$ cat my_file.csv   # CSV, C-alpha atoms and all ligand atoms
chain,number,residue,atom,x,y,z
A,6,MET,CA,102.1,14.6,57.9
A,7,LEU,CA,103.1,13.1,54.6
A,8,PHE,CA,100.7,13.6,51.6
A,9,ASP,CA,99.0,11.0,49.6
A,10,SER,CA,99.5,12.1,46.0
A,11,GLU,CA,96.1,10.8,44.8
A,12,LYS,CA,94.2,12.5,47.6
A,13,GLU,CA,96.0,15.8,47.2
A,14,ILE,CA,95.7,16.0,43.4
A,15,ARG,CA,92.1,15.0,43.3
A,16,ASN,CA,91.4,17.6,46.0
A,17,ILE,CA,93.2,20.3,44.1
A,18,LEU,CA,91.1,19.5,41.0
A,19,TYR,CA,87.9,19.6,43.1
A,20,LEU,CA,88.8,22.8,44.8
A,21,LEU,CA,89.6,24.6,41.6
A,22,ASP,CA,86.7,23.0,39.8
A,23,LEU,CA,89.0,21.8,37.1
A,24,LYS,CA,87.0,19.5,34.8
A,25,GLY,CA,87.8,17.6,31.6
A,26,VAL,CA,91.2,16.3,32.7
A,27,VAL,CA,92.0,13.2,30.7
A,28,LYS,CA,91.9,10.1,33.0
A,29,GLU,CA,95.3,8.8,31.8
A,30,ASP,CA,96.9,12.1,32.6
A,31,LEU,CA,95.4,12.2,36.0
A,32,ASP,CA,96.6,8.6,36.7
A,33,ASP,CA,100.1,9.5,35.3
A,34,SER,CA,100.3,12.6,37.4
A,35,ILE,CA,99.3,10.7,40.6
A,36,ASP,CA,101.8,7.8,39.9
A,37,HIS,CA,104.6,10.1,38.9
A,38,GLY,CA,104.1,12.3,41.9
A,39,ARG,CA,104.2,9.3,44.1
A,40,LEU,CA,107.3,7.9,42.5
A,41,VAL,CA,109.2,11.1,42.8
A,42,ALA,CA,108.1,11.6,46.4
A,43,GLU,CA,109.3,8.1,47.3
A,44,ILE,CA,112.7,8.7,45.7
A,45,CYS,CA,112.9,12.0,47.5
A,46,LYS,CA,112.1,10.4,50.8
A,47,MET,CA,114.8,7.7,50.4
A,48,LEU,CA,117.4,10.2,49.3
A,49,ALA,CA,116.5,12.5,52.2
A,50,GLY,CA,117.0,9.6,54.6
A,51,LYS,CA,120.3,8.8,53.0
A,52,MET,CA,121.5,12.4,53.3
A,53,GLY,CA,120.3,12.8,56.8
A,54,LEU,CA,117.8,15.7,56.2
A,55,ASP,CA,115.7,16.8,59.1
A,56,GLU,CA,112.1,15.7,59.3
A,57,GLU,CA,110.6,19.0,58.5
A,58,THR,CA,112.6,19.5,55.3
A,59,THR,CA,111.9,15.9,54.3
A,60,GLU,CA,108.2,16.4,54.7
A,61,THR,CA,108.2,19.6,52.7
A,62,ILE,CA,110.1,17.9,49.9
A,63,TYR,CA,107.9,14.8,49.9
A,64,ASN,CA,104.7,16.7,49.9
A,65,ALA,CA,105.8,19.1,47.2
A,66,ALA,CA,107.0,16.1,45.1
A,67,CYS,CA,103.5,14.5,45.4
A,68,VAL,CA,101.9,17.5,43.6
A,69,HIS,CA,104.9,18.9,41.7
A,70,ASP,CA,103.4,18.4,38.2
A,71,VAL,CA,99.8,19.3,39.0
A,72,GLY,CA,100.1,22.2,36.6
A,73,LYS,CA,100.3,19.8,33.7
A,74,LEU,CA,96.7,18.8,34.4
A,75,LYS,CA,95.6,22.3,33.4
A,76,LEU,CA,97.4,21.6,30.1
A,77,SER,CA,96.1,18.1,30.0
A,78,GLN,CA,94.1,17.9,26.8
A,79,MET,CA,96.4,20.0,24.7
A,80,LEU,CA,99.6,18.2,25.7
A,81,TYR,CA,98.8,14.5,26.1
A,82,GLY,CA,97.0,13.3,23.0
A,83,ARG,CA,97.9,9.6,23.1
A,84,ASP,CA,98.2,9.6,19.3
A,85,LYS,CA,101.1,12.1,19.4
A,86,LYS,CA,104.6,10.8,19.0
A,87,SER,CA,106.3,13.9,20.4
A,88,LEU,CA,105.6,17.4,21.5
A,89,HIS,CA,105.6,20.3,19.0
A,90,VAL,CA,107.6,23.4,19.6
A,91,GLU,CA,104.6,25.4,20.6
A,92,GLU,CA,103.5,22.7,23.0
A,93,VAL,CA,106.9,22.5,24.6
A,94,ARG,CA,106.8,26.2,25.2
A,95,HIS,CA,103.3,25.7,26.7
A,96,MET,CA,104.4,22.8,28.8
A,97,ARG,CA,107.0,24.9,30.4
A,98,MET,CA,104.2,26.9,32.0
A,99,HIS,CA,103.3,23.9,34.2
A,100,ALA,CA,105.7,24.8,37.0
A,101,LYS,CA,104.3,28.3,37.3
A,102,LEU,CA,100.7,27.1,36.8
A,103,GLY,CA,101.1,24.4,39.4
A,104,ALA,CA,102.4,26.8,42.0
A,105,GLU,CA,99.5,29.2,41.2
A,106,MET,CA,97.0,26.3,41.7
A,107,LEU,CA,98.6,25.3,45.0
A,108,GLY,CA,98.6,29.0,46.1
A,109,LEU,CA,94.9,29.2,45.3
A,110,CYS,CA,94.3,26.1,47.4
A,111,ASN,CA,96.2,27.6,50.3
A,112,TYR,CA,99.1,25.2,50.4
A,113,PRO,CA,102.1,26.3,52.6
A,114,GLY,CA,104.5,28.7,50.9
A,115,ASP,CA,107.5,26.4,51.1
A,116,ILE,CA,105.6,23.8,49.1
A,117,VAL,CA,104.4,26.4,46.5
A,118,ASP,CA,108.0,27.7,46.2
A,119,ALA,CA,109.4,24.1,45.8
A,120,VAL,CA,106.9,23.4,43.0
A,121,TYR,CA,107.4,26.8,41.3
A,122,HIS,CA,111.2,26.3,40.9
A,123,HIS,CA,111.3,22.5,40.3
A,124,HIS,CA,112.6,23.0,36.8
A,125,GLU,CA,115.3,25.5,37.5
A,126,CYS,CA,118.8,24.2,36.7
A,127,TYR,CA,121.9,24.7,38.7
A,128,ASP,CA,123.7,26.3,35.8
A,129,GLY,CA,120.9,28.8,35.3
A,130,SER,CA,119.4,27.2,32.2
A,131,GLY,CA,116.1,26.2,33.7
A,132,TYR,CA,112.7,27.8,34.1
A,133,PRO,CA,110.6,29.7,35.1
A,134,ASP,CA,113.1,32.3,36.5
A,135,ASN,CA,116.5,31.0,35.2
A,136,LEU,CA,117.7,30.9,38.8
A,137,ARG,CA,121.2,29.6,39.4
A,138,GLY,CA,123.0,27.7,42.1
A,139,GLU,CA,121.9,28.2,45.6
A,140,ASP,CA,119.5,30.9,44.5
A,141,ILE,CA,117.3,28.0,43.7
A,142,PRO,CA,115.4,26.7,46.8
A,143,PHE,CA,117.1,23.6,48.3
A,144,THR,CA,113.8,21.7,48.1
A,145,SER,CA,113.5,22.4,44.3
A,146,ARG,CA,117.2,21.4,43.7
A,147,PHE,CA,116.4,18.2,45.5
A,148,ILE,CA,113.2,17.4,43.7
A,149,LYS,CA,114.8,18.2,40.3
A,150,ILE,CA,117.2,15.3,40.6
A,151,CYS,CA,114.6,12.7,41.7
A,152,ASP,CA,112.2,14.0,39.1
A,153,ALA,CA,114.7,13.7,36.3
A,154,PHE,CA,115.5,10.1,37.2
A,155,ALA,CA,111.8,9.2,37.6
A,156,ALA,CA,111.0,10.7,34.2
A,157,LEU,CA,113.8,8.8,32.5
A,158,ILE,CA,112.9,5.4,33.8
A,159,SER,CA,109.2,5.8,33.1
A,160,ASP,CA,107.5,4.9,29.9
A,161,ARG,CA,106.1,7.8,27.9
A,162,PRO,CA,103.5,7.7,25.1
A,163,TYR,CA,106.4,8.3,22.6
A,164,ARG,CA,109.2,6.1,24.1
A,165,LYS,CA,109.9,3.3,26.6
A,166,GLY,CA,111.5,4.1,29.9
A,167,PHE,CA,115.3,3.7,30.1
A,168,ASP,CA,116.9,1.3,32.4
A,169,LYS,CA,118.6,2.5,35.5
A,170,GLU,CA,122.1,2.5,34.1
A,171,THR,CA,121.2,4.4,31.0
A,172,ALA,CA,119.1,6.9,33.0
A,173,ILE,CA,122.1,7.6,35.3
A,174,SER,CA,124.6,8.0,32.4
A,175,MET,CA,122.2,10.4,30.8
A,176,MET,CA,122.0,12.4,34.0
A,177,ILE,CA,125.8,12.4,34.3
A,178,GLU,CA,125.9,14.1,30.9
A,179,ASP,CA,123.5,16.7,32.2
A,180,ASN,CA,125.2,17.1,35.5
A,181,LYS,CA,125.5,20.9,35.2
A,182,GLU,CA,121.8,21.0,35.7
A,183,TYR,CA,122.1,19.6,39.2
A,184,ASP,CA,123.4,20.6,42.6
A,185,ILE,CA,126.5,18.4,42.6
A,186,LYS,CA,126.4,17.6,46.3
A,187,LEU,CA,122.8,16.3,46.0
A,188,PHE,CA,123.6,14.6,42.7
A,189,LEU,CA,126.5,12.7,44.3
A,190,GLY,CA,124.2,11.7,47.1
A,191,PHE,CA,121.7,10.4,44.6
A,192,MET,CA,124.4,8.4,42.8
A,193,ASN,CA,125.2,6.8,46.1
A,194,LEU,CA,121.6,6.0,46.7
A,195,ALA,CA,121.2,4.5,43.3
A,196,ASN,CA,123.9,2.0,44.1
A,197,ASP,CA,122.3,1.0,47.3
A,198,PRO,CA,120.3,-2.3,47.3
A,199,GLU,CA,117.4,-0.5,49.0
A,200,PHE,CA,117.0,1.5,45.8
A,201,ASP,CA,115.6,-1.7,44.1
A,202,THR,CA,112.2,-0.9,45.6
A,203,ILE,CA,112.1,2.3,43.6
A,204,ILE,CA,112.9,0.4,40.4
A,205,GLN,CA,110.2,-2.1,41.2
A,206,MET,CA,107.7,0.7,41.8
A,207,ALA,CA,108.6,2.3,38.5
A,208,GLU,CA,108.2,-1.1,36.7
A,209,GLU,CA,104.8,-1.6,38.2
A,210,ILE,CA,103.7,1.9,37.1
A,211,ASN,CA,105.0,1.2,33.6
A,212,LYS,CA,103.0,-2.0,33.5
A,213,ARG,CA,99.9,-0.3,34.6
A,214,HIS,CA,100.1,2.4,32.0
A,215,SER,CA,101.4,0.3,29.2
A,216,TYR,CA,101.4,2.6,26.2
A,217,LYS,CA,100.7,1.1,22.8
B,301,FE,FE,107.7,19.2,36.1
B,302,FE,FE,107.9,15.7,37.1

$ encode --input "my_file.csv" --output "structure tokens"
Amino acid sequence: MLFDSEKEIRNILYLLDLKGVVKEDLDDSIDHGRLVAEICKMLAGKMGLDEETTETIYNAACVHDVGKLKLSQMLYGRDKKSLHVEEVRHMRMHAKLGAEMLGLCNYPGDIVDAVYHHHECYDGSGYPDNLRGEDIPFTSRFIKICDAFAALISDRPYRKGFDKETAISMMIEDNKEYDIKLFLGFMNLANDPEFDTIIQMAEEINKRHSYK
């Protein structure tokens, strides 16, 4: 069964009795999870992944940044233009924190693993474990690409979202971070007319969150 990102995230906060999460951060996390999950599902279809793997990836994508909500107040002050060094270091904990939260809520191991490693880079420059190449779970390599694109086209408190072409050219520059086979699949998908629904979804989210 495919997750609903809002239902899962709210349930995790409830189960862990996590209070004081800033509303905007919760909304961001839900919308971002949903956007990444939809990109993942479309790419999975395009690349012919089996149903089980697609489901694991989709569900992990829904909750992949839930760890950020633990860091919510510290990281997301709307008055901040950018993150300070200390905060960036702190923010890197979100992958591990998120996996811990999911583990405590008894999520399946493959989802926990996918979330734990979703910021590993193919060239070994990622975190938390600096894994490299196929040592990184397939699910995490997959989410990594869809997550990067979603983040680039989304408005942030400190910058507007980039358009699709700019986002893709930025990803091409960073191509060492990605599993090249999956990345080529993604580039293919991005040129497909069906991908417009993703861009529309991102635009709607940006409108809803309009940062001033
Ligand atoms: Fe993340
Ligand atoms: Fe993300």

$ closest_residue --input "my_file.csv" --among "A:Tyr19, A:Phe200, A:Tyr121, A:Tyr112" --to "Thr144 of chain A" --atoms "only C-alpha atoms"
A:Tyr121

$ residues_around --input "my_file.csv" --residues "Gly129 of chain A" --least-positions-apart "3" --cutoff "12 Å" --atoms "all atoms listed in the file" --output "mmCIF file with C-alpha atoms, keeping the file's coordinate frame"
data_model
loop_
_atom_site.group_PDB
_atom_site.id
_atom_site.type_symbol
_atom_site.label_atom_id
_atom_site.label_comp_id
_atom_site.auth_asym_id
_atom_site.auth_seq_id
_atom_site.Cartn_x
_atom_site.Cartn_y
_atom_site.Cartn_z
ATOM 1 C CA HIS A 122 111.200 26.300 40.900
ATOM 2 C CA HIS A 124 112.600 23.000 36.800
ATOM 3 C CA GLU A 125 115.300 25.500 37.500
ATOM 4 C CA CYS A 126 118.800 24.200 36.700
ATOM 5 C CA TYR A 132 112.700 27.800 34.100
ATOM 6 C CA PRO A 133 110.600 29.700 35.100
ATOM 7 C CA ASP A 134 113.100 32.300 36.500
ATOM 8 C CA ASN A 135 116.500 31.000 35.200
ATOM 9 C CA LEU A 136 117.700 30.900 38.800
ATOM 10 C CA ARG A 137 121.200 29.600 39.400
ATOM 11 C CA GLY A 138 123.000 27.700 42.100
ATOM 12 C CA GLU A 139 121.900 28.200 45.600
ATOM 13 C CA ASP A 140 119.500 30.900 44.500
ATOM 14 C CA ILE A 141 117.300 28.000 43.700
ATOM 15 C CA ARG A 146 117.200 21.400 43.700
ATOM 16 C CA LYS A 181 125.500 20.900 35.200
ATOM 17 C CA GLU A 182 121.800 21.000 35.700
ATOM 18 C CA TYR A 183 122.100 19.600 39.200
ATOM 19 C CA ASP A 184 123.400 20.600 42.600
#

$ residues_near_ligand --input "my_file.csv" --ligand "ligand FE 302 (chain B)" --cutoff "12 Å" --atoms "only C-alpha atoms and all ligand atoms" --output "PyMOL selection string"
chain A and resi 33-42+65-74+96-97+99-100+103+120-124+145+148-159

$ atom_distance --input "my_file.csv" --atom1 "atom CA of Arg161 of chain A" --atom2 "atom CA of Asn211 of chain A"
8.8 Å

$ atom_distance --input "my_file.csv" --atom1 "atom CA of Ala172 of chain A" --atom2 "atom CA of Gly50 of chain A"
21.9 Å

$ residues_around --input "my_file.csv" --residues "Glu60 of chain A" --least-positions-apart "2" --cutoff "9 Å" --atoms "only C-alpha atoms" --output "PDB file with C-alpha atoms, in the coordinates of the input"
ATOM      1  CA  MET A   6     102.100  14.600  57.900  1.00  0.00           C
ATOM      2  CA  LEU A   7     103.100  13.100  54.600  1.00  0.00           C
ATOM      3  CA  PHE A   8     100.700  13.600  51.600  1.00  0.00           C
ATOM      4  CA  LYS A  46     112.100  10.400  50.800  1.00  0.00           C
ATOM      5  CA  ASP A  55     115.700  16.800  59.100  1.00  0.00           C
ATOM      6  CA  GLU A  56     112.100  15.700  59.300  1.00  0.00           C
ATOM      7  CA  GLU A  57     110.600  19.000  58.500  1.00  0.00           C
ATOM      8  CA  THR A  58     112.600  19.500  55.300  1.00  0.00           C
ATOM      9  CA  ILE A  62     110.100  17.900  49.900  1.00  0.00           C
ATOM     10  CA  TYR A  63     107.900  14.800  49.900  1.00  0.00           C
ATOM     11  CA  ASN A  64     104.700  16.700  49.900  1.00  0.00           C
ATOM     12  CA  ALA A  65     105.800  19.100  47.200  1.00  0.00           C
TER      13      ALA A  65
END

$ closest_residue --input "my_file.csv" --among "A:Lys75, A:Asn111, A:Gly166, A:Asn16" --to "Ile204 of chain A" --atoms "all atoms listed in the file"
A:Gly166

$ closest_residue --input "my_file.csv" --among "A:Lys51, A:Thr59, A:Gly190, A:Pro142" --to "Gly114 of chain A" --atoms "all atoms listed in the file"
A:Pro142
